[in-house]
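Everything below belongs to structure-v6.cif, which stores mmCIF, C-alpha atoms.
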```cif
data_my_file
#
loop_
_atom_site.label_atom_id
_atom_site.label_comp_id
_atom_site.auth_asym_id
_atom_site.auth_seq_id
_atom_site.Cartn_x
_atom_site.Cartn_y
_atom_site.Cartn_z
CA MET A 1 115.79 137.02 128.29
CA PRO A 2 112.73 139.33 128.28
CA THR A 3 111.43 140.32 131.68
CA ALA A 4 107.69 140.54 132.43
CA ARG A 5 106.44 144.15 132.46
CA GLN A 6 104.67 145.26 135.61
CA LEU A 7 100.95 145.70 134.83
CA ASN A 8 99.45 149.01 135.86
CA PHE A 9 96.24 149.29 137.88
CA VAL A 10 93.82 149.44 134.92
CA GLU A 11 95.46 146.45 133.27
CA ARG A 12 95.31 144.51 136.50
CA LEU A 13 91.55 145.08 136.68
CA TYR A 14 91.13 143.07 133.43
CA LEU A 15 87.71 144.72 133.04
CA PRO A 16 88.63 146.96 130.09
CA GLU A 17 90.02 143.95 128.25
CA ILE A 18 86.91 141.90 128.97
CA VAL A 19 84.73 144.71 127.64
CA ARG A 20 86.94 144.98 124.56
CA GLY A 21 86.73 141.26 123.91
CA LEU A 22 83.01 141.02 124.48
CA SER A 23 82.31 144.03 122.27
CA HIS A 24 84.15 142.24 119.50
CA THR A 25 81.97 139.15 120.06
CA ILE A 26 78.80 141.19 120.14
CA ARG A 27 79.78 143.01 116.93
CA HIS A 28 79.96 139.64 115.23
CA LEU A 29 76.42 138.79 116.34
CA PHE A 30 75.07 141.42 113.97
CA ARG A 31 77.19 140.51 110.98
CA PRO A 32 75.64 138.49 108.16
CA LYS A 33 75.58 134.79 108.98
CA PHE A 34 77.45 132.55 106.62
CA THR A 35 76.37 129.14 107.82
CA LEU A 36 75.01 127.11 104.94
CA GLN A 37 71.70 125.62 106.13
CA TYR A 38 72.70 122.47 104.33
CA PRO A 39 69.79 120.13 103.71
CA GLU A 40 67.55 123.06 102.83
CA GLU A 41 70.02 125.26 100.96
CA ARG A 42 72.97 124.06 98.92
CA ASP A 43 76.08 125.50 97.38
CA VAL A 44 75.84 125.95 93.64
CA PRO A 45 78.55 123.59 92.36
CA LEU A 46 81.14 125.06 90.04
CA SER A 47 81.03 123.94 86.43
CA ARG A 48 84.22 121.98 87.00
CA PHE A 49 82.83 120.18 90.06
CA ARG A 50 83.59 116.49 90.01
CA GLY A 51 80.94 114.27 91.52
CA MET A 52 79.92 110.74 90.86
CA PRO A 53 80.66 109.35 87.37
CA ALA A 54 77.73 108.09 85.34
CA LEU A 55 77.07 106.67 81.88
CA VAL A 56 75.07 108.65 79.35
CA ARG A 57 72.87 107.83 76.38
CA ASP A 58 72.61 109.83 73.17
CA GLU A 59 69.34 111.36 72.06
CA ASN A 60 68.36 108.14 70.26
CA GLY A 61 68.55 106.23 73.50
CA ARG A 62 71.72 104.35 72.54
CA THR A 63 74.18 103.56 75.32
CA LYS A 64 77.23 105.46 74.14
CA CYS A 65 79.71 103.20 75.91
CA VAL A 66 81.39 100.70 73.57
CA ALA A 67 83.16 98.78 76.32
CA CYS A 68 86.68 99.68 75.17
CA LYS A 69 87.76 99.40 78.81
CA LEU A 70 89.99 102.47 78.69
CA CYS A 71 88.34 103.88 81.80
CA GLU A 72 88.73 100.55 83.57
CA PHE A 73 92.40 100.62 82.65
CA VAL A 74 93.04 104.23 83.65
CA CYS A 75 91.01 104.24 86.88
CA PRO A 76 93.58 104.80 89.66
CA PRO A 77 91.69 102.99 92.45
CA VAL A 78 90.33 100.27 90.10
CA ALA A 79 86.72 101.14 90.80
CA ILE A 80 85.33 100.23 87.37
CA LEU A 81 84.45 96.73 86.23
CA ILE A 82 83.46 96.18 82.60
CA GLU A 83 82.41 93.06 80.75
CA ALA A 84 81.82 93.48 77.03
CA HIS A 85 79.33 91.71 74.83
CA GLU A 86 78.22 91.91 71.22
CA VAL A 87 75.47 94.33 70.35
CA ALA A 88 73.64 93.36 67.19
CA ASP A 89 71.43 96.31 66.47
CA HIS A 90 73.83 99.12 65.72
CA PRO A 91 77.09 99.52 63.81
CA VAL A 92 79.32 99.61 66.89
CA GLU A 93 78.85 95.86 67.51
CA LYS A 94 80.20 96.04 71.03
CA GLY A 95 78.78 97.31 74.25
CA PRO A 96 79.00 96.81 77.98
CA LYS A 97 77.23 93.77 79.39
CA VAL A 98 78.37 94.60 82.90
CA PHE A 99 79.46 98.10 83.88
CA ASP A 100 79.90 98.47 87.61
CA ILE A 101 81.34 101.47 89.40
CA ASN A 102 82.22 100.86 93.00
CA MET A 103 81.60 104.28 94.52
CA LEU A 104 83.43 103.26 97.67
CA ARG A 105 86.63 102.99 95.64
CA CYS A 106 85.91 105.86 93.28
CA ILE A 107 87.88 108.98 94.10
CA MET A 108 86.05 111.14 91.56
CA CYS A 109 89.27 112.09 89.82
CA GLY A 110 87.64 112.34 86.40
CA TYR A 111 90.22 110.28 84.52
CA CYS A 112 87.43 108.12 83.10
CA GLU A 113 85.71 111.16 81.63
CA GLU A 114 89.01 112.43 80.29
CA VAL A 115 90.03 109.18 78.64
CA CYS A 116 86.69 108.15 77.16
CA PRO A 117 86.88 108.23 73.34
CA GLU A 118 83.10 107.97 73.01
CA GLU A 119 82.20 110.67 75.54
CA ALA A 120 80.07 108.05 77.24
CA ILE A 121 80.99 108.66 80.86
CA PHE A 122 80.68 111.97 82.66
CA LEU A 123 81.10 113.16 86.18
CA THR A 124 77.77 114.33 87.54
CA GLU A 125 77.11 116.78 90.35
CA LYS A 126 75.84 113.99 92.60
CA PHE A 127 77.89 113.52 95.74
CA GLU A 128 75.54 112.74 98.65
CA LEU A 129 75.96 108.99 98.50
CA ALA A 130 76.28 107.90 102.12
CA ALA A 131 74.89 104.40 102.56
CA PRO A 132 74.82 101.87 105.38
CA SER A 133 76.26 98.99 103.36
CA ARG A 134 78.94 98.37 100.78
CA ALA A 135 76.57 96.68 98.38
CA GLU A 136 74.44 99.81 98.02
CA LEU A 137 77.43 101.74 96.76
CA VAL A 138 78.24 99.45 93.85
CA PHE A 139 76.29 100.95 90.98
CA ASN A 140 75.46 98.77 88.00
CA LYS A 141 74.95 99.76 84.37
CA GLU A 142 71.23 100.48 84.64
CA GLN A 143 71.66 102.67 87.71
CA LEU A 144 74.53 104.56 86.11
CA LEU A 145 72.56 105.16 82.90
CA GLU A 146 69.64 106.42 84.93
CA ILE A 147 71.86 108.83 86.84
CA GLY A 148 73.67 110.00 83.71
CA GLY A 149 70.58 110.58 81.62
CA VAL A 150 70.70 111.77 78.03
CA ARG A 151 73.47 113.88 76.59
CA PRO A 152 72.85 114.80 72.95
CA ASP A 153 75.75 114.41 70.53
CA PRO A 154 76.92 117.43 68.56
CA TYR A 155 77.82 115.02 65.76
CA HIS A 156 77.20 111.37 65.16
CA LYS A 157 80.35 109.36 64.93
CA TRP A 158 78.60 106.09 64.15
CA GLY A 159 76.06 107.36 61.61
CA MET B 160 46.94 90.54 120.12
CA PHE B 161 48.51 91.92 123.29
CA ASP B 162 50.33 89.63 125.64
CA GLY B 163 51.33 91.27 128.87
CA ASN B 164 50.28 94.54 130.43
CA LEU B 165 49.14 97.10 127.87
CA GLU B 166 50.13 100.07 130.00
CA ASP B 167 53.64 98.74 130.38
CA MET B 168 53.95 98.41 126.64
CA ILE B 169 52.83 101.97 125.94
CA MET B 170 55.15 103.35 128.57
CA THR B 171 58.19 101.49 127.23
CA THR B 172 57.55 102.54 123.66
CA ARG B 173 57.25 106.21 124.52
CA LEU B 174 60.34 106.10 126.68
CA GLY B 175 62.21 104.44 123.85
CA GLU B 176 61.15 107.22 121.51
CA VAL B 177 62.48 109.85 123.90
CA VAL B 178 65.73 107.97 124.33
CA LYS B 179 66.13 107.65 120.56
CA TRP B 180 65.35 111.32 120.08
CA ALA B 181 67.98 112.23 122.67
CA ARG B 182 70.52 109.87 121.17
CA LYS B 183 70.13 111.01 117.62
CA ASN B 184 70.41 114.67 118.54
CA SER B 185 73.54 114.33 120.64
CA LEU B 186 75.90 112.31 118.47
CA TRP B 187 79.20 113.42 119.88
CA PRO B 188 81.85 112.47 117.40
CA MET B 189 85.26 111.09 118.16
CA PRO B 190 87.36 112.17 115.20
CA PHE B 191 89.74 109.41 114.22
CA GLY B 192 91.53 111.35 111.54
CA THR B 193 94.56 109.69 110.05
CA SER B 194 94.95 111.62 106.82
CA CYS B 195 93.49 114.18 104.44
CA CYS B 196 89.82 113.41 105.21
CA ALA B 197 90.50 114.76 108.70
CA ILE B 198 91.05 118.19 107.17
CA GLU B 199 87.62 118.01 105.57
CA LEU B 200 86.23 116.77 108.87
CA MET B 201 87.51 119.96 110.50
CA SER B 202 85.65 121.88 107.83
CA VAL B 203 82.46 120.05 108.79
CA LEU B 204 82.84 121.43 112.31
CA THR B 205 83.40 125.02 111.18
CA THR B 206 80.88 127.83 110.86
CA LYS B 207 80.20 127.38 107.16
CA TYR B 208 78.85 123.84 107.48
CA ASP B 209 78.30 123.78 111.25
CA ILE B 210 77.47 120.24 112.26
CA SER B 211 76.30 121.60 115.63
CA ARG B 212 72.95 122.18 113.92
CA PHE B 213 72.60 118.40 114.24
CA GLY B 214 73.95 118.19 117.77
CA ALA B 215 77.22 116.62 116.71
CA GLU B 216 79.67 119.45 117.24
CA VAL B 217 81.22 118.39 120.53
CA ALA B 218 84.25 116.59 119.16
CA ARG B 219 85.48 114.38 121.95
CA PHE B 220 89.07 113.32 121.89
CA SER B 221 88.36 110.83 124.61
CA PRO B 222 86.50 107.77 123.36
CA ARG B 223 84.84 107.42 126.77
CA GLN B 224 82.72 110.49 126.06
CA ALA B 225 81.96 109.87 122.40
CA ASP B 226 79.00 108.25 120.64
CA LEU B 227 80.11 108.44 117.05
CA LEU B 228 83.46 107.25 115.78
CA MET B 229 84.37 109.10 112.63
CA VAL B 230 87.07 107.17 110.84
CA ALA B 231 88.57 109.69 108.47
CA GLY B 232 91.50 108.42 106.51
CA TRP B 233 93.26 105.22 105.69
CA ILE B 234 93.83 102.64 108.40
CA THR B 235 97.15 100.87 108.14
CA ARG B 236 97.61 97.41 109.60
CA LYS B 237 99.68 98.98 112.34
CA MET B 238 96.92 101.46 113.17
CA ALA B 239 94.14 98.86 113.18
CA PRO B 240 94.62 97.68 116.80
CA ALA B 241 94.48 101.29 117.98
CA LEU B 242 91.24 101.85 116.09
CA ARG B 243 89.72 98.72 117.57
CA LYS B 244 90.85 99.73 121.06
CA ILE B 245 89.25 103.14 120.71
CA TYR B 246 86.04 101.55 119.45
CA ASP B 247 86.02 99.16 122.40
CA GLN B 248 86.57 102.02 124.84
CA MET B 249 83.54 103.91 123.59
CA PRO B 250 80.43 103.38 125.72
CA GLU B 251 77.31 101.84 124.19
CA PRO B 252 75.40 102.94 122.21
CA LYS B 253 77.99 103.76 119.59
CA TRP B 254 78.03 104.29 115.87
CA VAL B 255 80.75 104.43 113.27
CA ILE B 256 80.98 106.53 110.13
CA ALA B 257 83.65 105.57 107.61
CA MET B 258 84.48 108.82 105.89
CA GLY B 259 86.09 108.74 102.50
CA ALA B 260 87.24 106.05 100.13
CA CYS B 261 90.17 104.90 102.28
CA ALA B 262 88.20 104.33 105.46
CA SER B 263 85.37 102.75 103.49
CA CYS B 264 87.32 100.24 101.43
CA GLY B 265 90.97 101.19 101.19
CA GLY B 266 90.36 103.55 98.30
CA PRO B 267 93.27 103.81 95.92
CA HIS B 268 95.60 102.16 98.43
CA ASN B 269 95.20 98.51 97.55
CA SER B 270 98.27 97.52 99.50
CA TYR B 271 99.40 94.88 101.95
CA ALA B 272 99.95 97.63 104.52
CA VAL B 273 96.50 99.19 104.36
CA LEU B 274 93.24 97.76 105.65
CA GLN B 275 90.75 97.45 102.84
CA GLY B 276 88.16 99.33 104.83
CA ALA B 277 87.78 100.19 108.49
CA ASP B 278 84.99 97.60 108.57
CA GLU B 279 87.65 94.91 108.81
CA VAL B 280 88.12 95.86 112.47
CA VAL B 281 85.05 97.88 113.52
CA PRO B 282 81.41 97.59 112.39
CA VAL B 283 80.65 100.55 110.15
CA ASP B 284 77.16 102.06 110.14
CA MET B 285 77.55 104.57 107.35
CA TYR B 286 79.95 104.71 104.45
CA VAL B 287 80.65 108.10 102.90
CA PRO B 288 82.21 107.91 99.43
CA GLY B 289 84.46 110.65 98.16
CA CYS B 290 88.11 111.49 98.21
CA PRO B 291 87.63 113.39 100.42
CA PRO B 292 83.85 113.74 100.70
CA ARG B 293 82.45 117.24 100.65
CA PRO B 294 81.40 118.49 104.10
CA GLU B 295 77.80 118.33 102.88
CA ALA B 296 78.26 114.64 102.16
CA VAL B 297 79.39 114.08 105.74
CA ILE B 298 76.41 116.02 107.08
CA ASP B 299 74.24 113.92 104.78
CA ALA B 300 75.71 110.81 106.37
CA VAL B 301 74.99 112.15 109.86
CA ILE B 302 71.39 112.89 108.87
CA LYS B 303 70.98 109.40 107.43
CA LEU B 304 72.47 107.94 110.60
CA GLN B 305 70.02 109.97 112.69
CA GLU B 306 67.16 108.58 110.63
CA ARG B 307 68.52 105.11 111.22
CA ILE B 308 68.73 105.69 114.96
CA SER B 309 65.15 106.97 115.12
CA ARG B 310 64.02 103.88 113.19
CA ALA B 311 65.85 101.49 115.52
CA SER B 312 63.39 99.15 117.15
CA GLY B 313 62.70 98.67 120.85
CA ASP B 314 65.54 98.81 123.31
CA GLU B 315 68.11 97.98 120.71
CA THR B 316 71.14 99.99 121.68
CA ARG B 317 72.57 100.27 118.23
CA GLN B 318 71.31 99.09 114.91
CA GLY B 319 73.86 96.40 114.39
CA ALA B 320 76.18 96.88 111.51
CA ALA B 321 77.68 93.42 111.62
CA LEU B 322 81.21 92.96 110.45
CA ALA B 323 80.34 92.63 106.80
CA PRO B 324 82.32 90.09 104.83
CA ARG B 325 84.44 91.83 102.25
CA GLN B 326 83.13 91.40 98.76
CA GLU B 327 85.39 90.41 95.94
CA GLY B 328 86.62 93.50 94.16
CA ALA B 329 84.91 95.83 96.61
#
```
Spit out the file's structure as structure tokens when you get a sec.
Amino acid sequence: MPTARQLNFVERLYLPEIVRGLSHTIRHLFRPKFTLQYPEERDVPLSRFRGMPALVRDENGRTKCVACKLCEFVCPPVAILIEAHEVADHPVEKGPKVFDINMLRCIMCGYCEEVCPEEAIFLTEKFELAAPSRAELVFNKEQLLEIGGVRPDPYHKWG
Amino acid sequence: MFDGNLEDMIMTTRLGEVVKWARKNSLWPMPFGTSCCAIELMSVLTTKYDISRFGAEVARFSPRQADLLMVAGWITRKMAPALRKIYDQMPEPKWVIAMGACASCGGPHNSYAVLQGADEVVPVDMYVPGCPPRPEAVIDAVIKLQERISRASGDETRQGAALAPRQEGA
């Protein structure tokens, strides 16, 4: 069992240790501050940052989603709700009538983006979504398309 | 147009403004961290994000001294009575932030053992989506809550987030 060492006079004064501790604190006062002044300045998100998922249109304004429901199927927390309907005016013939993402459920895992065969859903850099009610966090198709915006296709699968 | 004493009215309004200003700038949180969101909640309190810039850094582990209940993490059915007890022990006015998918709606845990949202037992004022939310998202929620407090009318102690009925599929 270790025995306590007898402190000598200087150590018993505690003053040198207080000065040592305070000098350390004071040194830190003059170091560069690394607090992020959040609402005014923001971190630049990494390219792989996963935020809120959103639907995109191609450069012709067509909703790229064809309502195949793969994202609905793969979504781990079951946050996506899709209802398909027939679309007459382009060769795909099928599109989403209802496309809701419940952002309360969404865990921003990116499986929907990964699984999408049409590259119609992408994770955006949007993440400040706090809202006072549940209803405000269920995003419908129009809201999602507005958030996603336009993403031009490198090639046109559907002519 | 005015019924009652005009001077009384002016005095009460101004006092209310001061009270609201004081309340919104001293939201002392009670961290109710049950899982991984609590780790991110610690990050919110650290130097990088520094929630003390909004007067909410004094994390109180006694509900008697707290104004803001931060539910971070899933609430199991067994934990629910404890959460409710802590909420009841907090003095008025009090606010609740549900942080993360689990506290907001159960998140990926759609199970018989997990509450589908802390709002089944306590009224939630602000839902923060994310799994877990970034610290900025939590600060964003605090700012939005502060705006809500400063908009609260009259001598209303807390803008009532009523126990919202759970929506189908939510």
Just how far from CA of Glu136 in chain A is CA of Phe191 in chain B, in Å to one decimal?
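Separation of CA of Phe191 in chain B and CA of Glu136 in chain A: 24.3 Å.
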Mind checking which residues fall within 12 Å of Ala181 in chain B, counting only C-alpha atoms, ignoring those fewer than 2 positions away in the same chain, and posting them as a list in words?
Leu174, Gly175, Glu176, Val177, Val178, Lys179, Lys183, Asn184, Ser185, Leu186, Trp187, Phe213, Gly214, Ala215, Asp226, Pro252, Gln305, Ile308 and Ser309 of chain B
Near chain A, meaning an atom within 10 Å, which residues of chain B appear when counting only C-alpha atoms? Write them as a ChimeraX atom specification.
/B:205-210,212,256-269,275-276,278,283-304,307,320,323-326,328-329
Taking the file as shown, what set of residues would the PyMOL selection byres ((chain A and resi 54) around 12) give back, as a PyMOL selection string?
chain A and resi 50-53+55-57+63-65+71+80+99-103+106+108+110+112-113+119-127+139-151
Any idea what the distance is between CA of Arg243 in chain B and CA of Val255 in chain B?
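CA of Val255 in chain B lies at a distance of 11.5 Å from CA of Arg243 in chain B.
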Could you state which residues are captured by the PyMOL selection byres ((chain A and resi 67) around 9) in this file, as an NGL selection string?
:A and (65-66 or 68-70 or 82-85 or 94-97 or 99)
Once you count only C-alpha atoms, which residues end up no further than 10 Å from (97.9, 96.7, 104.1) in the file's frame, shown as a count of residues only?
14
